[in-house]
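Step one of this worksheet: look at the structure below.
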Amino acid sequence: MKKALIRITALLAALILLSGLTACGRKPETGDKLKSNVARAYSRGDRCSRFFRDAAPIAGEVSGKAYLDAAANGSAALAWVDSLVYFVSEKGVEPLGSGISAAEISFDGNTAYYLLDGVFMRYSADTGEKTGLVTGVDSVVQIAISPGAECAVLTAEFTEGGQRSMLIKGGEVSPVLTDGRDTVLAVSDGADIVYYFDASSREFRVEKDGESILISRECGAASSFNFTNDLSEVSFLTDSRKTEIYRLSDGLSVSLGTGFGYTLKTDVYSMNTVTWPVYINGVGSFLNGLWARRDRTEAGEYLFSIAYVDKNGADWIVLGAADGFKVSDDAKRIIWMEYDQLKLTEVSGKTTLLARDVSAFTCGGDCGKAYYISNAGSLFEVGKGGKPKKLDSAVSFAEAVGGGCAYIKNMTAGDDGSGTLVFFKDGKAREIMAGASYFEARSGQLMLFASPEKTEYGVLYTLYLTADGVNWTEAARSVDP
C-alpha cells in the first residue's frame, strides 16, 4: 500500500510555485482514504511479534521479527518471518506455511495467494480454507489478483514446460495468453481484461475481449504500473523514467514528464512486487485530481512536485517540494515547507505564508490548521489568515491525532532520552505521561515509543497506541525502535 509514516524532522526544500492558466477551472476529485491499519510490535524479551489494528490488539503472536505486507484498506496483512508467512486480520493470526517464496494479499484483504512446496495456494479469510490450485510450480514470476479478488493469474516457471500463465476463476484453472514469455500484470474480475508485458517484443499490451492492444514499447525492467480500481486506466513508468497515463476506453494517452509519479487522490492501494511493482489504487480515474512526482537530487534527497492532472496533462502547482507536504482530504489545500517557511497553497495556485522560522510541522486531514515546531523548539498552532499561537516550549516531536496534537516536551539528552507526553485539543493541554521518546504515525492509530532502557540489544522501548490522543494503551514492552 503508498501508506503514511510521519516522523517530525527538519525539512529543507528548494521550491518554485507555479500558477497554471487553467487554475480557475480546477475541481479536484478524490478517491478512497485509508482509515485503518495493521501494525506490528517486536519484543526483544521473548522474541515475539504482536499485532494491532487501530490501537486494538489482535489475538495471537508469532516467534521472530515479522515484516508486514498490508492489504490496500489496512484491514489485514501478510506477516513474514523469513519464509514463514502468517495471515493477520481482526480474526487473529493464521499460519499459511513455511518455505513460502512468494505471496500476495488481495485488495480487500480477504484472500491470499502463495507458493508452498511447488503448489500455488489460495487462502480465504472468510472461510479459513487453504486450497491447492496449481501444481508443479518451480518459481513465481508474477501474481495478478483482480481488484475484487474474483479471479487471479499466476505467471510462473514450471518444472515441466517453462513459463506459463494460468487463470484461476470460479474454482477452475485454465491457460491465459499463449506466448510463454508473456507476464500478466493485472486482470479484471471478469477476466475479460488482461494487461501483460510481452518479453519477446518488449511491449506493454492489454487484451480486451480477445483483442490485443499495444500500449507502449518503452517499458522494461525499470518500469512500474499503477492501475485504477476497475483497470480502466493505467499509469506506468517507462525505462526512460517517463510517466504516462493510458485510458482503455478511448486510447487516451497523457504524458506527465520524467520522474516516478503517483496519484494523490487516494492513499488506498495494493502492491504486488514479485518481479514488477504493480499497484491497484482506490480511485476510478487518475484524471481531474492531484498528482505527485518524486525526483532525486544529486545530493541524494528526494524532492516532490505536485500537479493538477487532467486529459491535457499536468498543470504543476508546486515544483521541487521536499517531503514536507500534506494534502487535505478534499484535495483543495496543500501545506508545505520552503526552507524554514510554512505555506498553504490552494488548488488554484494561490499561496499564503503561514509561518516563518519553522523546523517541522504536522496537520490533520482537513489541513485547516497546522501545528509546527520552531527552530527554538516552541510549538505553535496556525490556520489560514491567522496569527501563529504559541502552545508550549521545549518541544521535540509533534503529531496530529484525534482532532488535536500530541507532542513531547522537555526531552533529556542522549540516545535514550525521553520527555513528557502532552495532548492539546480545543484550547486545552493535558499531560499524559512521562518517559515519552518519539512517535510513529499510522492511519487509524498513533504509536508512541516510551520508557527507554539501555540493553545488550541497544535501546528498547515500551510501545503505547492511541486512536484519539487521550486514551493510550500499553501494547508491548522491550520493543525494538
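Ligands are numbered from 1 in the order shown, chains are lettered A, B, ... in the order of the C-alpha cells, and residues start at 1 in each chain.
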Using only C-alpha atoms, which residues sit within 8 Å of range 72-81 of chain A once same-chain residues fewer than 6 positions away are excluded, as a list in words?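 The neighbour list is Met1, Leu34, Lys35, Ser36, Asn37, Val38, Arg53, Gly64, Lys65, Ala66, Phe87, Val88, Ser89, Glu90, Glu104, Ile105, Ser106, Phe107, Asp108, Gly109, Asn110, Val268, Tyr269, Ser270 and Met271 of chain A.
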Do you know which residues are at most 9 Å from Cys367 in chain A counting only C-alpha atoms, after dropping those on the same chain fewer than 5 positions away, and could you put them as a list in words?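 Listed by chain and then number, they are Lys326, Val327, Ser328, Asp329, Arg333, Ile334, Ile335, Leu344 and Gly383 of chain A.
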Resulting file, chosen residues, C-alpha atoms, as an mmCIF file, in the first residue's frame:
```cif
data_model
loop_
_atom_site.group_PDB
_atom_site.id
_atom_site.type_symbol
_atom_site.label_atom_id
_atom_site.label_comp_id
_atom_site.auth_asym_id
_atom_site.auth_seq_id
_atom_site.Cartn_x
_atom_site.Cartn_y
_atom_site.Cartn_z
ATOM 1 C CA LYS A 326 0.448 17.406 3.288
ATOM 2 C CA VAL A 327 -2.632 17.411 1.038
ATOM 3 C CA SER A 328 -6.076 17.917 2.547
ATOM 4 C CA ASP A 329 -8.595 15.099 2.270
ATOM 5 C CA ARG A 333 -5.220 22.633 0.044
ATOM 6 C CA ILE A 334 -1.537 21.742 0.275
ATOM 7 C CA ILE A 335 0.623 22.630 3.266
ATOM 8 C CA LEU A 344 -0.526 26.866 2.348
ATOM 9 C CA GLY A 383 -4.504 28.499 10.427
#
```
Could the residues of range 187-234 of chain A that have an atom at most 9 Å from range 159-170 of chain A be listed as CSV, each with its closest atom pair and the distance in Å to one decimal, counting only C-alpha atoms and ordered by chain and ascending residue number?
```
residue,atom,partner,partner_atom,distance
A:Asp189,CA,A:Lys169,CA,8.8
A:Gly190,CA,A:Lys169,CA,8.6
A:Ala191,CA,A:Lys169,CA,8.1
```
Could you check which of A:Asp392, A:Glu244, A:Asp32, A:Asp46 is closest to Arg477 in chain A, using only C-alpha atoms?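 The answer is A:Asp46, which sits nearest to Arg477 in chain A.
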A:Arg293, A:Asp117, A:Asp415, A:Ala467: which is nearest Arg442 in chain A, counting only C-alpha atoms? A:Ala467
DSSP strand (DSSP E or B) residues within range 77-187 of chain A, as a PyMOL selection string: chain A and resi 77-81+84-89+92-97+103-105+111-116+119-124+130-134+137-145+151-158+162-169+172-175+182-187
Please provide as a PyMOL selection string all residues within 7 Å of Asp340 in chain A, with the sequence filter that same-chain residues fewer than 6 positions apart are discarded (counting only C-alpha atoms). chain A and resi 356-359
Identify, on the basis of only C-alpha atoms, every residue whose closest approach to range 240-242 of chain A does not exceed 8 Å; exclude the query and any residue fewer than 5 positions from it along the same chain; express the result as a PyMOL selection string. chain A and resi 218+222-223+255-260
Using only all heavy atoms, please write the residues we just selected to a file, as a PDB file, in the first residue's frame.
```pdb
ATOM      1  N   GLU A 218       8.040   1.172 -24.639  1.00  0.00           N
ATOM      2  CA  GLU A 218       9.111   1.789 -23.853  1.00  0.00           C
ATOM      3  C   GLU A 218       9.219   1.237 -22.440  1.00  0.00           C
ATOM      4  O   GLU A 218       9.894   1.817 -21.590  1.00  0.00           O
ATOM      5  CB  GLU A 218       8.898   3.315 -23.788  1.00  0.00           C
ATOM      6  CG  GLU A 218       8.944   4.001 -25.135  1.00  0.00           C
ATOM      7  CD  GLU A 218       8.833   5.507 -24.997  1.00  0.00           C
ATOM      8  OE1 GLU A 218       9.590   6.085 -24.194  1.00  0.00           O
ATOM      9  OE2 GLU A 218       7.969   6.108 -25.674  1.00  0.00           O
ATOM     10  N   ALA A 222      12.880  -1.474 -15.605  1.00  0.00           N
ATOM     11  CA  ALA A 222      12.767  -0.329 -14.691  1.00  0.00           C
ATOM     12  C   ALA A 222      11.338   0.189 -14.553  1.00  0.00           C
ATOM     13  O   ALA A 222      11.107   1.176 -13.845  1.00  0.00           O
ATOM     14  CB  ALA A 222      13.676   0.811 -15.158  1.00  0.00           C
ATOM     15  N   SER A 223      10.375  -0.469 -15.187  1.00  0.00           N
ATOM     16  CA  SER A 223       9.004   0.034 -15.200  1.00  0.00           C
ATOM     17  C   SER A 223       8.242  -0.344 -13.944  1.00  0.00           C
ATOM     18  O   SER A 223       8.553  -1.331 -13.264  1.00  0.00           O
ATOM     19  CB  SER A 223       8.248  -0.503 -16.420  1.00  0.00           C
ATOM     20  OG  SER A 223       8.808  -0.019 -17.617  1.00  0.00           O
ATOM     21  N   SER A 255       0.977  12.356 -21.125  1.00  0.00           N
ATOM     22  CA  SER A 255       2.366  12.326 -20.674  1.00  0.00           C
ATOM     23  C   SER A 255       2.554  13.305 -19.522  1.00  0.00           C
ATOM     24  O   SER A 255       2.125  14.464 -19.596  1.00  0.00           O
ATOM     25  CB  SER A 255       3.307  12.683 -21.818  1.00  0.00           C
ATOM     26  OG  SER A 255       4.651  12.673 -21.381  1.00  0.00           O
ATOM     27  N   LEU A 256       3.192  12.815 -18.434  1.00  0.00           N
ATOM     28  CA  LEU A 256       3.402  13.648 -17.248  1.00  0.00           C
ATOM     29  C   LEU A 256       4.879  13.964 -17.027  1.00  0.00           C
ATOM     30  O   LEU A 256       5.258  14.436 -15.962  1.00  0.00           O
ATOM     31  CB  LEU A 256       2.839  12.941 -16.008  1.00  0.00           C
ATOM     32  CG  LEU A 256       1.352  12.574 -16.072  1.00  0.00           C
ATOM     33  CD1 LEU A 256       0.919  11.905 -14.787  1.00  0.00           C
ATOM     34  CD2 LEU A 256       0.502  13.794 -16.353  1.00  0.00           C
ATOM     35  N   GLY A 257       5.715  13.721 -18.024  1.00  0.00           N
ATOM     36  CA  GLY A 257       7.125  14.053 -17.909  1.00  0.00           C
ATOM     37  C   GLY A 257       7.920  12.983 -17.190  1.00  0.00           C
ATOM     38  O   GLY A 257       7.443  11.870 -16.959  1.00  0.00           O
ATOM     39  N   THR A 258       9.152  13.305 -16.826  1.00  0.00           N
ATOM     40  CA  THR A 258      10.037  12.325 -16.205  1.00  0.00           C
ATOM     41  C   THR A 258       9.846  12.306 -14.693  1.00  0.00           C
ATOM     42  O   THR A 258       9.369  13.267 -14.090  1.00  0.00           O
ATOM     43  CB  THR A 258      11.500  12.654 -16.515  1.00  0.00           C
ATOM     44  OG1 THR A 258      11.810  13.971 -16.033  1.00  0.00           O
ATOM     45  CG2 THR A 258      11.771  12.582 -17.999  1.00  0.00           C
ATOM     46  N   GLY A 259      10.244  11.200 -14.083  1.00  0.00           N
ATOM     47  CA  GLY A 259      10.140  11.055 -12.629  1.00  0.00           C
ATOM     48  C   GLY A 259       9.018  10.120 -12.235  1.00  0.00           C
ATOM     49  O   GLY A 259       7.976  10.052 -12.890  1.00  0.00           O
ATOM     50  N   PHE A 260       9.232   9.362 -11.160  1.00  0.00           N
ATOM     51  CA  PHE A 260       8.204   8.451 -10.663  1.00  0.00           C
ATOM     52  C   PHE A 260       7.006   9.244 -10.156  1.00  0.00           C
ATOM     53  O   PHE A 260       7.137  10.140  -9.315  1.00  0.00           O
ATOM     54  CB  PHE A 260       8.779   7.595  -9.535  1.00  0.00           C
ATOM     55  CG  PHE A 260       7.754   6.719  -8.867  1.00  0.00           C
ATOM     56  CD1 PHE A 260       7.290   5.585  -9.507  1.00  0.00           C
ATOM     57  CD2 PHE A 260       7.254   7.026  -7.620  1.00  0.00           C
ATOM     58  CE1 PHE A 260       6.340   4.771  -8.905  1.00  0.00           C
ATOM     59  CE2 PHE A 260       6.308   6.219  -7.003  1.00  0.00           C
ATOM     60  CZ  PHE A 260       5.852   5.090  -7.657  1.00  0.00           C
TER      61      PHE A 260
END
```
Mind checking which residues fall within 12 Å of Glu453 in chain A, counting only C-alpha atoms, ignoring those fewer than 5 positions away in the same chain, and posting them as a short mmCIF file (atom, residue, chain, number, x, y, z; two decimals) with N, CA, C and O atoms, in the first residue's frame?
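Writing the result to result-v1.cif gives the following:
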```
data_model
loop_
_atom_site.label_atom_id
_atom_site.label_comp_id
_atom_site.auth_asym_id
_atom_site.auth_seq_id
_atom_site.Cartn_x
_atom_site.Cartn_y
_atom_site.Cartn_z
N ARG A 44 11.93 -7.76 22.16
CA ARG A 44 13.21 -8.46 22.26
C ARG A 44 13.21 -9.48 23.40
O ARG A 44 13.87 -10.51 23.33
N GLY A 414 20.74 12.38 24.99
CA GLY A 414 21.22 11.01 24.83
C GLY A 414 20.32 10.18 23.95
O GLY A 414 19.17 10.54 23.67
N ASP A 415 20.85 9.01 23.51
CA ASP A 415 20.07 8.14 22.63
C ASP A 415 18.93 7.44 23.36
O ASP A 415 18.07 6.81 22.75
N ASP A 416 18.92 7.56 24.69
CA ASP A 416 17.81 7.03 25.47
C ASP A 416 17.02 8.17 26.12
O ASP A 416 16.37 7.99 27.15
N GLY A 417 17.03 9.32 25.47
CA GLY A 417 16.33 10.48 26.01
C GLY A 417 14.83 10.31 25.99
O GLY A 417 14.27 9.56 25.20
N SER A 418 14.14 11.02 26.88
CA SER A 418 12.69 10.98 26.93
C SER A 418 12.17 12.27 27.53
O SER A 418 12.92 13.06 28.10
N GLY A 435 8.35 9.95 30.26
CA GLY A 435 9.12 8.89 29.63
C GLY A 435 8.87 8.70 28.16
O GLY A 435 9.25 7.67 27.59
N ALA A 436 8.23 9.67 27.48
CA ALA A 436 7.93 9.55 26.05
C ALA A 436 9.17 9.89 25.21
O ALA A 436 9.86 10.87 25.50
N SER A 437 9.43 9.08 24.16
CA SER A 437 10.64 9.29 23.35
C SER A 437 10.34 9.76 21.93
O SER A 437 10.93 10.74 21.48
N GLY A 458 20.73 -2.81 22.52
CA GLY A 458 20.53 -1.40 22.22
C GLY A 458 19.40 -0.84 23.07
O GLY A 458 18.97 -1.46 24.06
N VAL A 459 18.89 0.32 22.70
CA VAL A 459 17.81 0.94 23.46
C VAL A 459 16.47 0.32 23.05
O VAL A 459 16.13 0.26 21.86
N LEU A 460 15.72 -0.18 24.03
CA LEU A 460 14.41 -0.76 23.80
C LEU A 460 13.34 0.08 24.48
O LEU A 460 13.63 0.85 25.40
N TYR A 461 12.08 -0.07 24.03
CA TYR A 461 11.02 0.82 24.47
C TYR A 461 9.76 0.04 24.86
O TYR A 461 9.58 -1.11 24.48
N THR A 462 8.88 0.73 25.58
CA THR A 462 7.51 0.27 25.77
C THR A 462 6.65 0.96 24.74
O THR A 462 6.74 2.18 24.56
N ARG A 477 6.25 -4.47 25.59
CA ARG A 477 7.45 -3.98 26.25
C ARG A 477 8.70 -4.53 25.58
O ARG A 477 8.64 -5.49 24.81
N SER A 478 9.83 -3.88 25.87
CA SER A 478 11.13 -4.27 25.30
C SER A 478 11.05 -4.33 23.77
O SER A 478 11.46 -5.30 23.13
N VAL A 479 10.51 -3.26 23.18
CA VAL A 479 10.25 -3.22 21.74
C VAL A 479 11.43 -2.55 21.02
O VAL A 479 11.94 -1.53 21.47
N ASP A 480 11.81 -3.14 19.89
CA ASP A 480 12.80 -2.51 19.02
C ASP A 480 12.25 -1.18 18.48
O ASP A 480 11.06 -1.07 18.23
N PRO A 481 13.12 -0.20 18.27
CA PRO A 481 12.65 1.05 17.66
C PRO A 481 12.26 0.85 16.21
O PRO A 481 12.65 -0.14 15.58
#
```
Which residues come within 6 Å of Ala55 in chain A, counting only C-alpha atoms, excluding same-chain residues fewer than 4 positions away, as a PyMOL selection string? chain A and resi 445+465-466
Kindly export the residues of the current selection with N, CA and C atoms, as a compact mmCIF listing (two decimals), in the first residue's frame.
```
# COMPACT_ATOMS: atom_id res chain seq x y z
N GLN A 445 -4.15 4.99 13.87
CA GLN A 445 -3.51 4.92 15.18
C GLN A 445 -2.20 5.70 15.19
N LEU A 465 -0.28 2.77 22.16
CA LEU A 465 -1.08 3.09 20.98
C LEU A 465 -2.27 3.95 21.38
N THR A 466 -2.66 4.84 20.46
CA THR A 466 -3.87 5.63 20.67
C THR A 466 -4.55 5.88 19.34
```
For Glu346 in chain A, which residue out of A:Gln142, A:Thr238, A:Val153, A:Lys27 is the nearest one, using only C-alpha atoms?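 Nearest candidate to Glu346 in chain A out of A:Gln142, A:Thr238, A:Val153, A:Lys27: A:Lys27.
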